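Since the structure comes first, as structure tokens, the remarks are kept for the end.
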Amino acid sequence: MAEHSPLPLVVIAGRPNVGKSTLFNSIVGQRRSIVGDEPGITRDRIHGQADYRGRRFELVDTGGIIPDDADLIPSEILKQARFVFDRADNIILVMDGRAEITAADRELAQMLRELGRPVTLAVNKIDSAIRESLTSDFYALGIADLYPVSAEHKLGIDDMLDHVTATFPREAEEDEKPAKTRIKVAIIGRPNVGKSTLLNTLVGAERAIVSPVAGTTRDSVDEVVEHDDIEYVFVDTAGIRRKGKTHLMAEKLSVVMARRNIRMANVVVLVVDSSEGIVASDATVAGYAHEEGRALIIAVNKWDITAEKSQKAFIEKARDEFKFLDYAPILFLSAKTGSGVKRLFGTIRQVFEAASKRVTTGELNRFVDALETDPELKIRFITQASVRPPTFVLFTSRPKRIHFSFERYLINQIRKQFGFAGTPIVIRTRATDKREKAGKH
């Protein structure tokens, strides 16, 4: 009888208190490690088995003992976990994205690279697109495969595991169908623009409470719809009001929940009421999604009853009001009659795929070499750091952040060359001669 081959081994490493145990629990799916605020609370190695999309693997949390001398941390971590490191199929090095990079971090990263095993850098505690600006400095550690994650909120972990398990065997029956693509969609907008009616039409059932009274929907309602072999998880986020005007606790909670659902979503559908036209608070609501870097679609609802009959004229007004959403497709529909609603499925899929797209470093650098740029601005290198939103790191000779006009030019050229319709694009810059904090737009 043939010997059963061992599972691939993934090892979590890192200095104490960076979130290794939390990441371990998020991946394994059960609370095995002891998680607490006290540094170094994990003393021994903890083993578990994980299954990611049919790929099973053994996961080890190496823990860490803190010696008195902080300089000894990397060597102690390496010493106590050397056995598992030497047979690891991938080592996930966890670092605290909110903390400064220390000499011990650099030493540990170098030690792990020298082992000759694949190393993935998980920059932890990054729970929003704004905080992703903190990740750029970590490229200085020399680990190309970098993923911003939030172990606590389970953000970014899927992208990281897609990479880590890419070469692992998939344990599936011959007739088993591959896992369906699952897209989480947040439906947002001012109160009473028709979000709940749209959700009802999309799922084909009267599940949400619909009322002509503004702000009837208070809680989020998730609905799963399968369309053309894609699973769409729709979240009706309830009416968002500007924080200064939310007096009732329930309405304040709806703002908090809406913003949370935007953060957790892959795609955001902004519903506007065409019969009222676009108002300032529509832009405020849209700003939440844009700030979080989410792929976005503008759904112009109630088109069947609006006095405006020219879609072209309405689009011009919308582009003027939503200058920062020039990448967002605009769809005209009537949630009440169902007209134009089915087109949403295909558009959601398109913008999701665009936001998830990766361009190789070779393609990007050949593209940049062909651009007309300021002779004084020498672009040394460009790479795509992450997806959702597509984020590019530009290494330049200039110690200061690149000019806004050039950044807009670069984003437009990236769209022209590679697509990325429906998703914001983030450009971060780093000077090659000085360590500079990156800029985000």
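In the structure tokens, chains take the letters A, B, ... in the order shown, each chain's residues start at 1, and ligands count up from 1 in the order shown.
The protein and nucleic acid residues lying at most 10 Å from A:Leu410 are A:Val368, A:Leu371, A:Glu372, A:Thr373, A:Phe404, A:Ser405, A:Phe406, A:Glu407, A:Gln413, A:Ile414, A:Arg415, A:Lys416, A:Ile427, with only C-alpha atoms considered and sequence neighbours fewer than 3 positions away removed.
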#### Entry: A:Ile230 surroundings by only C-alpha atoms, 10 Å radius, close-in-sequence under 5 positions cut, as a PyMOL selection string
chain A and resi 179-183+225+345-346+349
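With only C-alpha atoms taken into account, the protein and nucleic acid residues at most 8 Å from A:Met95 (excluding it and anything under 2 positions from it in its own chain) are A:Gly14, A:Arg15, A:Val18, A:Gly19, A:Leu93, A:Gly97, A:Asp105, A:Leu121, A:Ala122, A:Val123, A:Asn124.
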### Query
Contacts of A:Ala354 at 12 Å or less, counting only C-alpha atoms, minus same-chain residues fewer than 3 places along, as a list in words?
Asn266, Val267, Arg294, Ala295, Leu296, Tyr327, Ala328, Thr347, Ile348, Arg349, Gln350, Val351, Lys357, Arg358, Val359, Val387, Arg388, Pro389, Pro390, Arg415, Phe418, Gly419, Phe420, Ala421, Gly422, Thr423, Pro424 and Ile425 of chain A
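Closest approach to A:Leu325 among A:His290, A:Lys342, A:Lys378, A:Arg55 is made by A:His290 (distances from only C-alpha atoms).
Here atom CA of A:His153 is placed at a distance of 10.2 Å from atom CA of A:Ser128.
Of the residues listed (A:Asp96, A:Val28, A:Phe57, A:Val272), A:Asp96 shows the shortest atom-to-atom separation from A:Pro16; distances use only C-alpha atoms.
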### Task
For A:Gly277, work out the shell of residues within 10 Å, counting only C-alpha atoms and skipping chain neighbours fewer than 3 positions away, then give it as a ChimeraX atom specification.
/A:272-274,282,300,306-308,314,317-318
Serialized selection, C-alpha atoms, as a PDB file, in the first residue's frame:
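Final output, saved to result-v3.pdb:
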ATOM      1  CA  VAL A 272     -29.404  57.575  -7.092  1.00  0.00           C
ATOM      2  CA  ASP A 273     -32.952  58.839  -7.632  1.00  0.00           C
ATOM      3  CA  SER A 274     -33.223  60.236 -11.166  1.00  0.00           C
ATOM      4  CA  ASP A 282     -25.153  61.457  -3.122  1.00  0.00           C
ATOM      5  CA  VAL A 300     -29.749  55.624 -11.856  1.00  0.00           C
ATOM      6  CA  THR A 306     -38.180  61.024 -14.366  1.00  0.00           C
ATOM      7  CA  ALA A 307     -38.873  64.162 -16.392  1.00  0.00           C
ATOM      8  CA  GLU A 308     -35.360  63.981 -17.869  1.00  0.00           C
ATOM      9  CA  PHE A 314     -27.967  62.965 -17.263  1.00  0.00           C
ATOM     10  CA  LYS A 317     -24.509  66.012 -15.068  1.00  0.00           C
ATOM     11  CA  ALA A 318     -23.450  62.905 -13.147  1.00  0.00           C
TER      12      ALA A 318
END
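Across the model, the gap from atom CA of A:Asp162 to atom CA of A:Ile188 is 29.1 Å.
Comparing A:Ala13, A:Leu344, A:Ala335, A:Val185 by their smallest distance to A:Thr62, the closest is A:Ala13 (using only C-alpha atoms).
Here atom CA of A:Ile187 and atom CA of A:Thr135 stand 29.1 Å from one another.
Comparing A:Leu141, A:Leu161, A:Ile12, A:Ala88 by their smallest distance to A:Leu108, the closest is A:Leu141 (using only C-alpha atoms).
Of the listed residues A:Gly189, A:Pro148, A:Pro329, A:Gly29, the one whose atoms come nearest to A:Gly48 is A:Gly29, with distances taken using only C-alpha atoms.
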